[in-house]
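Here is the structure we will look at, set down as structure tokens.
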Amino acid sequence: MAASVACAFFFDAEPVGEPGMPALDACALCAKPLARDSDVFMYRGDTPFCSEECRHEQMHLDAVCARQAARRLQRFTAEAE
């Protein structure tokens, strides 16, 4: 197999991925399809977003969830004492 054919085959192949991991075919927040020729905005290494706005919204949601979890933990430890 020629090198150029092997490279074309490698990059054109769809990734198999792991179950539960987001594929690079749609935005993880709004589910908008991601075109191969458009920018993809990544977050946490493996989560694709169609725009900086969607990525920022997910970052905001993650921060809110982290604050809520910290409050729950704080309440739980205070009740345990």
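Residue numbering restarts at 1 for every chain of the structure tokens, chains are lettered A, B, ... in their displayed order, and ligands are numbered from 1 as they appear.
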Within 12 Å of A:Gln58 using only C-alpha atoms, minus same-chain residues under 2 positions, as a PyMOL selection string: chain A and resi 27-30+41-44+47-56+60-65
Written file, previous selection with N, CA and C atoms, as a PDB file, in the first residue's frame:
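In the end it all went to selection28.pdb:
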ATOM      1  N   CYS A  27     -22.040  18.494  18.286  1.00  0.00           N
ATOM      2  CA  CYS A  27     -21.754  19.306  19.462  1.00  0.00           C
ATOM      3  C   CYS A  27     -22.295  18.585  20.701  1.00  0.00           C
ATOM      4  N   ALA A  28     -21.508  18.526  21.756  1.00  0.00           N
ATOM      5  CA  ALA A  28     -21.913  17.832  22.977  1.00  0.00           C
ATOM      6  C   ALA A  28     -23.018  18.568  23.724  1.00  0.00           C
ATOM      7  N   LEU A  29     -23.229  19.859  23.449  1.00  0.00           N
ATOM      8  CA  LEU A  29     -24.253  20.611  24.156  1.00  0.00           C
ATOM      9  C   LEU A  29     -25.537  20.739  23.342  1.00  0.00           C
ATOM     10  N   CYS A  30     -25.439  21.230  22.117  1.00  0.00           N
ATOM     11  CA  CYS A  30     -26.647  21.504  21.325  1.00  0.00           C
ATOM     12  C   CYS A  30     -26.924  20.439  20.265  1.00  0.00           C
ATOM     13  N   PHE A  41     -14.417  23.117  18.801  1.00  0.00           N
ATOM     14  CA  PHE A  41     -13.919  23.676  20.049  1.00  0.00           C
ATOM     15  C   PHE A  41     -13.971  22.577  21.109  1.00  0.00           C
ATOM     16  N   MET A  42     -12.802  22.187  21.612  1.00  0.00           N
ATOM     17  CA  MET A  42     -12.714  21.062  22.537  1.00  0.00           C
ATOM     18  C   MET A  42     -12.687  21.545  23.984  1.00  0.00           C
ATOM     19  N   TYR A  43     -13.207  20.680  24.875  1.00  0.00           N
ATOM     20  CA  TYR A  43     -13.201  20.961  26.306  1.00  0.00           C
ATOM     21  C   TYR A  43     -12.899  19.668  27.038  1.00  0.00           C
ATOM     22  N   ARG A  44     -12.050  19.741  28.015  1.00  0.00           N
ATOM     23  CA  ARG A  44     -11.617  18.581  28.796  1.00  0.00           C
ATOM     24  C   ARG A  44     -11.016  17.494  27.919  1.00  0.00           C
ATOM     25  N   THR A  47     -14.215  16.416  24.497  1.00  0.00           N
ATOM     26  CA  THR A  47     -15.608  16.785  24.308  1.00  0.00           C
ATOM     27  C   THR A  47     -15.708  17.902  23.269  1.00  0.00           C
ATOM     28  N   PRO A  48     -16.352  17.644  22.119  1.00  0.00           N
ATOM     29  CA  PRO A  48     -16.408  18.638  21.043  1.00  0.00           C
ATOM     30  C   PRO A  48     -17.610  19.574  21.160  1.00  0.00           C
ATOM     31  N   PHE A  49     -17.400  20.814  20.746  1.00  0.00           N
ATOM     32  CA  PHE A  49     -18.471  21.819  20.710  1.00  0.00           C
ATOM     33  C   PHE A  49     -18.400  22.560  19.385  1.00  0.00           C
ATOM     34  N   CYS A  50     -19.562  23.038  18.929  1.00  0.00           N
ATOM     35  CA  CYS A  50     -19.640  23.707  17.627  1.00  0.00           C
ATOM     36  C   CYS A  50     -19.174  25.155  17.689  1.00  0.00           C
ATOM     37  N   SER A  51     -19.161  25.752  18.874  1.00  0.00           N
ATOM     38  CA  SER A  51     -18.786  27.162  18.997  1.00  0.00           C
ATOM     39  C   SER A  51     -18.174  27.422  20.363  1.00  0.00           C
ATOM     40  N   GLU A  52     -17.530  28.571  20.474  1.00  0.00           N
ATOM     41  CA  GLU A  52     -16.987  28.972  21.765  1.00  0.00           C
ATOM     42  C   GLU A  52     -18.114  29.189  22.762  1.00  0.00           C
ATOM     43  N   GLU A  53     -19.272  29.637  22.275  1.00  0.00           N
ATOM     44  CA  GLU A  53     -20.416  29.875  23.157  1.00  0.00           C
ATOM     45  C   GLU A  53     -20.906  28.578  23.799  1.00  0.00           C
ATOM     46  N   CYS A  54     -21.038  27.522  23.000  1.00  0.00           N
ATOM     47  CA  CYS A  54     -21.469  26.230  23.554  1.00  0.00           C
ATOM     48  C   CYS A  54     -20.433  25.704  24.547  1.00  0.00           C
ATOM     49  N   ARG A  55     -19.163  25.829  24.198  1.00  0.00           N
ATOM     50  CA  ARG A  55     -18.112  25.366  25.108  1.00  0.00           C
ATOM     51  C   ARG A  55     -18.157  26.155  26.413  1.00  0.00           C
ATOM     52  N   HIS A  56     -18.314  27.474  26.322  1.00  0.00           N
ATOM     53  CA  HIS A  56     -18.372  28.314  27.515  1.00  0.00           C
ATOM     54  C   HIS A  56     -19.587  27.959  28.371  1.00  0.00           C
ATOM     55  N   HIS A  60     -19.572  26.724  32.229  1.00  0.00           N
ATOM     56  CA  HIS A  60     -20.383  27.368  33.258  1.00  0.00           C
ATOM     57  C   HIS A  60     -21.230  26.323  33.991  1.00  0.00           C
ATOM     58  N   LEU A  61     -21.868  25.429  33.248  1.00  0.00           N
ATOM     59  CA  LEU A  61     -22.672  24.373  33.868  1.00  0.00           C
ATOM     60  C   LEU A  61     -21.821  23.479  34.769  1.00  0.00           C
ATOM     61  N   ASP A  62     -20.616  23.148  34.330  1.00  0.00           N
ATOM     62  CA  ASP A  62     -19.726  22.331  35.146  1.00  0.00           C
ATOM     63  C   ASP A  62     -19.331  23.055  36.432  1.00  0.00           C
ATOM     64  N   ALA A  63     -19.095  24.366  36.338  1.00  0.00           N
ATOM     65  CA  ALA A  63     -18.733  25.145  37.525  1.00  0.00           C
ATOM     66  C   ALA A  63     -19.892  25.194  38.520  1.00  0.00           C
ATOM     67  N   VAL A  64     -21.116  25.367  38.015  1.00  0.00           N
ATOM     68  CA  VAL A  64     -22.298  25.382  38.882  1.00  0.00           C
ATOM     69  C   VAL A  64     -22.447  24.031  39.576  1.00  0.00           C
ATOM     70  N   CYS A  65     -22.302  22.947  38.836  1.00  0.00           N
ATOM     71  CA  CYS A  65     -22.409  21.599  39.416  1.00  0.00           C
ATOM     72  C   CYS A  65     -21.331  21.373  40.475  1.00  0.00           C
TER      73      CYS A  65
END
Between atom CA of A:Val40 and atom CA of A:Asp25, what is the distance, to one decimal in Å?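 These atoms are spaced 9.8 Å apart.
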Measuring atom to atom with only C-alpha atoms, identify which of A:Ala70, A:Met59, A:Ala80, A:Leu24 is nearest to A:Asp46. A:Leu24
Between atom CA of A:Ala26 and atom CA of A:Asp39, what is the distance in Å, rounded to a tenth?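 Computed distance, atom CA of A:Ala26 to atom CA of A:Asp39, equals 11.9 Å.
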